[in-house]
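Undergrad: Below is a structure I'd like to ask you about.
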Amino acid sequence: LLLRSRHAAAAFLVAWVTFQLKELKWFRIPAIGFFLLMCLSALYLQHHYVTDVIMGILYASTTLAIAKVIFRKLLNRSMKEVPTEAIAA
């Protein structure tokens, strides 16, 4: 059974957020370090196999992609419902 490392997934998401928000630019290097140490410690302590860590990263990436699609659809739907007078004002 292939398990995903949610520790690797969470650390990946933390690093991803730092690249999305300009306010967190200063935290990029520590976040990448946190991500790498989380992955390496899971392997070193034998809590996960390499495939588990890879699946955790893929799990987080897939979740992000799905969330982006849903968010864009909801945003487009809400923009269609706003009267044009409200946008111009």
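Naming scheme: A, B, ... for chains in displayed order of the structure tokens; residues 1 onward per chain; ligands 1 onward as shown.
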Skip A:Val14 itself and residues of its chain fewer than 6 positions away, then list as a short mmCIF file (atom, residue, chain, number, x, y, z; two decimals) with C-alpha atoms, in the first residue's frame all residues within 10 Å of it, counting only C-alpha atoms.
TA:
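This went into part-v8.cif:
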data_model
loop_
_atom_site.label_atom_id
_atom_site.label_comp_id
_atom_site.auth_asym_id
_atom_site.auth_seq_id
_atom_site.Cartn_x
_atom_site.Cartn_y
_atom_site.Cartn_z
CA ALA A 8 6.05 16.40 3.22
CA PHE A 27 10.76 33.41 4.36
CA ARG A 28 11.43 31.51 1.11
CA ALA A 31 10.62 27.45 4.04
CA ILE A 32 12.61 25.50 1.45
CA PHE A 34 12.00 23.30 6.31
CA PHE A 35 10.59 21.36 3.35
#
Undergrad: For A:Val50, find every residue with an atom within 12 Å (counting only C-alpha atoms), except residues of its own chain fewer than 2 positions away, and show them as a list in words.
TA: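 In the requested form, the answer reads Leu2, Leu3, Arg4, Ser5, Ala8, Cys39, Leu40, Ser41, Ala42, Leu43, Tyr44, Leu45, Gln46, His47, His48, Asp52, Val53, Ile54, Met55, Gly56 and Ile57 of chain A.
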Undergrad: Next, write the just-selected residues to a file, as a PDB file, in the first residue's frame, keeping N, CA and C atoms as the atom set.
TA:
ATOM      1  N   LEU A   2       0.593   2.140  -0.882  1.00  0.00           N
ATOM      2  CA  LEU A   2       1.376   3.361  -1.001  1.00  0.00           C
ATOM      3  C   LEU A   2       0.742   4.452  -0.158  1.00  0.00           C
ATOM      4  N   LEU A   3       1.457   4.895   0.844  1.00  0.00           N
ATOM      5  CA  LEU A   3       0.956   5.961   1.713  1.00  0.00           C
ATOM      6  C   LEU A   3       1.607   7.270   1.330  1.00  0.00           C
ATOM      7  N   ARG A   4       0.906   8.346   1.561  1.00  0.00           N
ATOM      8  CA  ARG A   4       1.487   9.654   1.283  1.00  0.00           C
ATOM      9  C   ARG A   4       1.971  10.272   2.586  1.00  0.00           C
ATOM     10  N   SER A   5       3.036  11.017   2.489  1.00  0.00           N
ATOM     11  CA  SER A   5       3.561  11.702   3.661  1.00  0.00           C
ATOM     12  C   SER A   5       2.889  13.063   3.762  1.00  0.00           C
ATOM     13  N   ALA A   8       5.423  15.845   4.420  1.00  0.00           N
ATOM     14  CA  ALA A   8       6.046  16.399   3.216  1.00  0.00           C
ATOM     15  C   ALA A   8       5.060  17.309   2.481  1.00  0.00           C
ATOM     16  N   CYS A  39      11.345  16.316   4.586  1.00  0.00           N
ATOM     17  CA  CYS A  39      11.418  15.143   3.712  1.00  0.00           C
ATOM     18  C   CYS A  39      12.562  14.224   4.124  1.00  0.00           C
ATOM     19  N   LEU A  40      13.729  14.811   4.356  1.00  0.00           N
ATOM     20  CA  LEU A  40      14.886  14.001   4.731  1.00  0.00           C
ATOM     21  C   LEU A  40      14.707  13.331   6.089  1.00  0.00           C
ATOM     22  N   SER A  41      14.112  14.040   7.036  1.00  0.00           N
ATOM     23  CA  SER A  41      13.922  13.430   8.361  1.00  0.00           C
ATOM     24  C   SER A  41      12.917  12.286   8.302  1.00  0.00           C
ATOM     25  N   ALA A  42      11.906  12.412   7.476  1.00  0.00           N
ATOM     26  CA  ALA A  42      10.932  11.316   7.339  1.00  0.00           C
ATOM     27  C   ALA A  42      11.612  10.064   6.794  1.00  0.00           C
ATOM     28  N   LEU A  43      12.559  10.275   5.884  1.00  0.00           N
ATOM     29  CA  LEU A  43      13.296   9.140   5.320  1.00  0.00           C
ATOM     30  C   LEU A  43      14.331   8.607   6.320  1.00  0.00           C
ATOM     31  N   TYR A  44      15.102   9.514   6.907  1.00  0.00           N
ATOM     32  CA  TYR A  44      16.175   9.117   7.826  1.00  0.00           C
ATOM     33  C   TYR A  44      15.634   8.370   9.044  1.00  0.00           C
ATOM     34  N   LEU A  45      14.546   8.851   9.588  1.00  0.00           N
ATOM     35  CA  LEU A  45      13.954   8.210  10.761  1.00  0.00           C
ATOM     36  C   LEU A  45      13.109   6.982  10.399  1.00  0.00           C
ATOM     37  N   GLN A  46      13.058   6.688   9.120  1.00  0.00           N
ATOM     38  CA  GLN A  46      12.342   5.535   8.570  1.00  0.00           C
ATOM     39  C   GLN A  46      10.854   5.553   8.903  1.00  0.00           C
ATOM     40  N   HIS A  47      10.285   6.759   8.913  1.00  0.00           N
ATOM     41  CA  HIS A  47       8.837   6.895   9.094  1.00  0.00           C
ATOM     42  C   HIS A  47       8.119   6.744   7.762  1.00  0.00           C
ATOM     43  N   HIS A  48       8.850   7.006   6.664  1.00  0.00           N
ATOM     44  CA  HIS A  48       8.286   6.900   5.321  1.00  0.00           C
ATOM     45  C   HIS A  48       9.324   6.375   4.349  1.00  0.00           C
ATOM     46  N   ASP A  52       6.601   7.398  -0.471  1.00  0.00           N
ATOM     47  CA  ASP A  52       5.620   8.092   0.376  1.00  0.00           C
ATOM     48  C   ASP A  52       5.839   9.603   0.326  1.00  0.00           C
ATOM     49  N   VAL A  53       7.084  10.010   0.382  1.00  0.00           N
ATOM     50  CA  VAL A  53       7.406  11.443   0.334  1.00  0.00           C
ATOM     51  C   VAL A  53       7.026  12.010  -1.033  1.00  0.00           C
ATOM     52  N   ILE A  54       7.360  11.284  -2.089  1.00  0.00           N
ATOM     53  CA  ILE A  54       7.001  11.733  -3.443  1.00  0.00           C
ATOM     54  C   ILE A  54       5.486  11.823  -3.587  1.00  0.00           C
ATOM     55  N   MET A  55       4.771  10.836  -3.065  1.00  0.00           N
ATOM     56  CA  MET A  55       3.310  10.864  -3.139  1.00  0.00           C
ATOM     57  C   MET A  55       2.735  12.012  -2.312  1.00  0.00           C
ATOM     58  N   GLY A  56       3.375  12.367  -1.212  1.00  0.00           N
ATOM     59  CA  GLY A  56       2.937  13.512  -0.421  1.00  0.00           C
ATOM     60  C   GLY A  56       3.055  14.806  -1.202  1.00  0.00           C
ATOM     61  N   ILE A  57       4.162  14.956  -1.922  1.00  0.00           N
ATOM     62  CA  ILE A  57       4.367  16.149  -2.751  1.00  0.00           C
ATOM     63  C   ILE A  57       3.355  16.172  -3.889  1.00  0.00           C
TER      64      ILE A  57
END
Undergrad: Please compute the atom CA of A:Val69-atom CA of A:Trp16 distance, one decimal, in Å.
TA: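 One can read the atom CA of A:Val69 to atom CA of A:Trp16 distance as 16.8 Å.
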Undergrad: Given only C-alpha atoms as the basis, pick out the residue of A:Tyr49, A:Pro30, A:Leu58, A:Leu37 nearest to A:Thr18.
TA: A:Pro30
Undergrad: Among stretch 34-63 of chain A, which residues carry a DSSP assignment of helix (DSSP H, G or I), reported as JSON, numbers by chain?
TA: {"A": [34, 35, 36, 37, 38, 39, 40, 41, 42, 43, 44, 50, 51, 52, 53, 54, 55, 56, 57, 58, 59, 60, 61, 62, 63]}
Undergrad: So how many Å separate atom CA of A:Asn76 and atom CA of A:Ala60, to one decimal?
TA: 24.2 Å
